Amino acid sequence: MSEERAGLEEIQTECKFELDLRNLFATQLLNSKTYHLNFNLSGEWCTVHYALGETHDHDWVVVATISYTL
């Protein structure tokens with residue numbers, strides 16, 4: 001059990017990073033696009049919204065949100 005816990009802590013440490021959202025959203029994006037994927041799950045509608053664009057450094061930025069209609 002302690003070996004599993006140590007492995008999990010190692011994974012959590014490796015996945016930590018910081019992102020300055022203010023600067024990210026202040027960046028002017030090129031080739032921006034939006035996508036909306038609709039799903040009907042047992043009579044409830046779920047929509048996944050994607051907005052993406054390319055920075056001047058040729059990196060891609062993607063923001064995804066999910067909305068539900070009950």
# chains A, B, ... in the order shown; residues from 1 in each chain; ligands from 1
$ residues_around --residues "stretch 23-33 of chain A" --least-positions-apart "4" --cutoff "10 Å" --atoms "only C-alpha atoms" --output "mmCIF file with N, CA, C and O atoms, in the first residue's frame"
data_model
loop_
_atom_site.group_PDB
_atom_site.id
_atom_site.type_symbol
_atom_site.label_atom_id
_atom_site.label_comp_id
_atom_site.auth_asym_id
_atom_site.auth_seq_id
_atom_site.Cartn_x
_atom_site.Cartn_y
_atom_site.Cartn_z
ATOM 1 N N LEU A 19 -0.121 28.207 -14.636
ATOM 2 C CA LEU A 19 -0.537 28.829 -15.877
ATOM 3 C C LEU A 19 -1.113 30.187 -15.539
ATOM 4 O O LEU A 19 -2.034 30.290 -14.727
ATOM 5 N N TYR A 50 -15.721 24.062 -27.294
ATOM 6 C CA TYR A 50 -14.278 24.232 -27.441
ATOM 7 C C TYR A 50 -14.005 25.561 -28.135
ATOM 8 O O TYR A 50 -14.654 25.888 -29.123
ATOM 9 N N ALA A 51 -13.054 26.310 -27.614
ATOM 10 C CA ALA A 51 -12.541 27.506 -28.292
ATOM 11 C C ALA A 51 -11.040 27.331 -28.378
ATOM 12 O O ALA A 51 -10.390 26.994 -27.385
ATOM 13 N N LEU A 52 -10.479 27.521 -29.566
ATOM 14 C CA LEU A 52 -9.052 27.327 -29.718
ATOM 15 C C LEU A 52 -8.460 28.332 -30.676
ATOM 16 O O LEU A 52 -9.171 28.919 -31.497
ATOM 17 N N GLY A 53 -7.179 28.545 -30.535
ATOM 18 C CA GLY A 53 -6.479 29.470 -31.408
ATOM 19 C C GLY A 53 -4.985 29.317 -31.254
ATOM 20 O O GLY A 53 -4.491 28.700 -30.313
ATOM 21 N N GLU A 54 -4.248 29.918 -32.169
ATOM 22 C CA GLU A 54 -2.789 29.805 -32.201
ATOM 23 C C GLU A 54 -2.169 31.117 -31.724
ATOM 24 O O GLU A 54 -2.594 32.198 -32.123
ATOM 25 N N THR A 55 -1.155 31.026 -30.860
ATOM 26 C CA THR A 55 -0.459 32.215 -30.380
ATOM 27 C C THR A 55 0.593 32.634 -31.404
ATOM 28 O O THR A 55 0.873 31.909 -32.358
ATOM 29 N N HIS A 56 1.195 33.799 -31.172
ATOM 30 C CA HIS A 56 2.259 34.265 -32.073
ATOM 31 C C HIS A 56 3.505 33.395 -31.979
ATOM 32 O O HIS A 56 4.347 33.409 -32.872
ATOM 33 N N HIS A 58 3.346 30.222 -32.053
ATOM 34 C CA HIS A 58 2.911 28.985 -32.705
ATOM 35 C C HIS A 58 2.521 27.891 -31.724
ATOM 36 O O HIS A 58 2.619 26.704 -32.030
ATOM 37 N N ASP A 59 2.098 28.278 -30.526
ATOM 38 C CA ASP A 59 1.513 27.341 -29.571
ATOM 39 C C ASP A 59 0.008 27.389 -29.750
ATOM 40 O O ASP A 59 -0.544 28.387 -30.198
ATOM 41 N N TRP A 60 -0.677 26.317 -29.401
ATOM 42 C CA TRP A 60 -2.131 26.284 -29.495
ATOM 43 C C TRP A 60 -2.734 26.374 -28.102
ATOM 44 O O TRP A 60 -2.252 25.756 -27.163
ATOM 45 N N VAL A 61 -3.776 27.158 -27.986
ATOM 46 C CA VAL A 61 -4.502 27.338 -26.735
ATOM 47 C C VAL A 61 -5.903 26.800 -26.936
ATOM 48 O O VAL A 61 -6.559 27.108 -27.932
ATOM 49 N N VAL A 62 -6.362 25.951 -25.997
ATOM 50 C CA VAL A 62 -7.707 25.376 -26.079
ATOM 51 C C VAL A 62 -8.391 25.563 -24.735
ATOM 52 O O VAL A 62 -7.811 25.300 -23.692
#
$ residues_around --residues "A:His49" --least-positions-apart "3" --cutoff "10 Å" --atoms "only C-alpha atoms" --output "list in words"
Thr34, Tyr35, His36, Leu37, Asn38, Cys46, Val63, Ala64, Thr65, Ile66 and Ser67 of chain A
$ residues_around --residues "A:Leu70" --least-positions-apart "6" --cutoff "9 Å" --atoms "only C-alpha atoms" --output "PyMOL selection string"
chain A and resi 43-46
$ write_last_selection --atoms "N, CA and C atoms" --output "PDB file, in the first residue's frame"
ATOM      1  N   GLY A  43     -31.712  11.116 -22.259  1.00  0.00           N
ATOM      2  CA  GLY A  43     -32.725  12.158 -22.293  1.00  0.00           C
ATOM      3  C   GLY A  43     -32.246  13.526 -21.838  1.00  0.00           C
ATOM      4  N   GLU A  44     -31.013  13.643 -21.394  1.00  0.00           N
ATOM      5  CA  GLU A  44     -30.447  14.927 -20.986  1.00  0.00           C
ATOM      6  C   GLU A  44     -29.406  15.352 -22.009  1.00  0.00           C
ATOM      7  N   TRP A  45     -29.475  16.612 -22.412  1.00  0.00           N
ATOM      8  CA  TRP A  45     -28.535  17.112 -23.409  1.00  0.00           C
ATOM      9  C   TRP A  45     -27.281  17.633 -22.740  1.00  0.00           C
ATOM     10  N   CYS A  46     -26.150  17.283 -23.302  1.00  0.00           N
ATOM     11  CA  CYS A  46     -24.843  17.726 -22.840  1.00  0.00           C
ATOM     12  C   CYS A  46     -24.134  18.341 -24.045  1.00  0.00           C
TER      13      CYS A  46
END
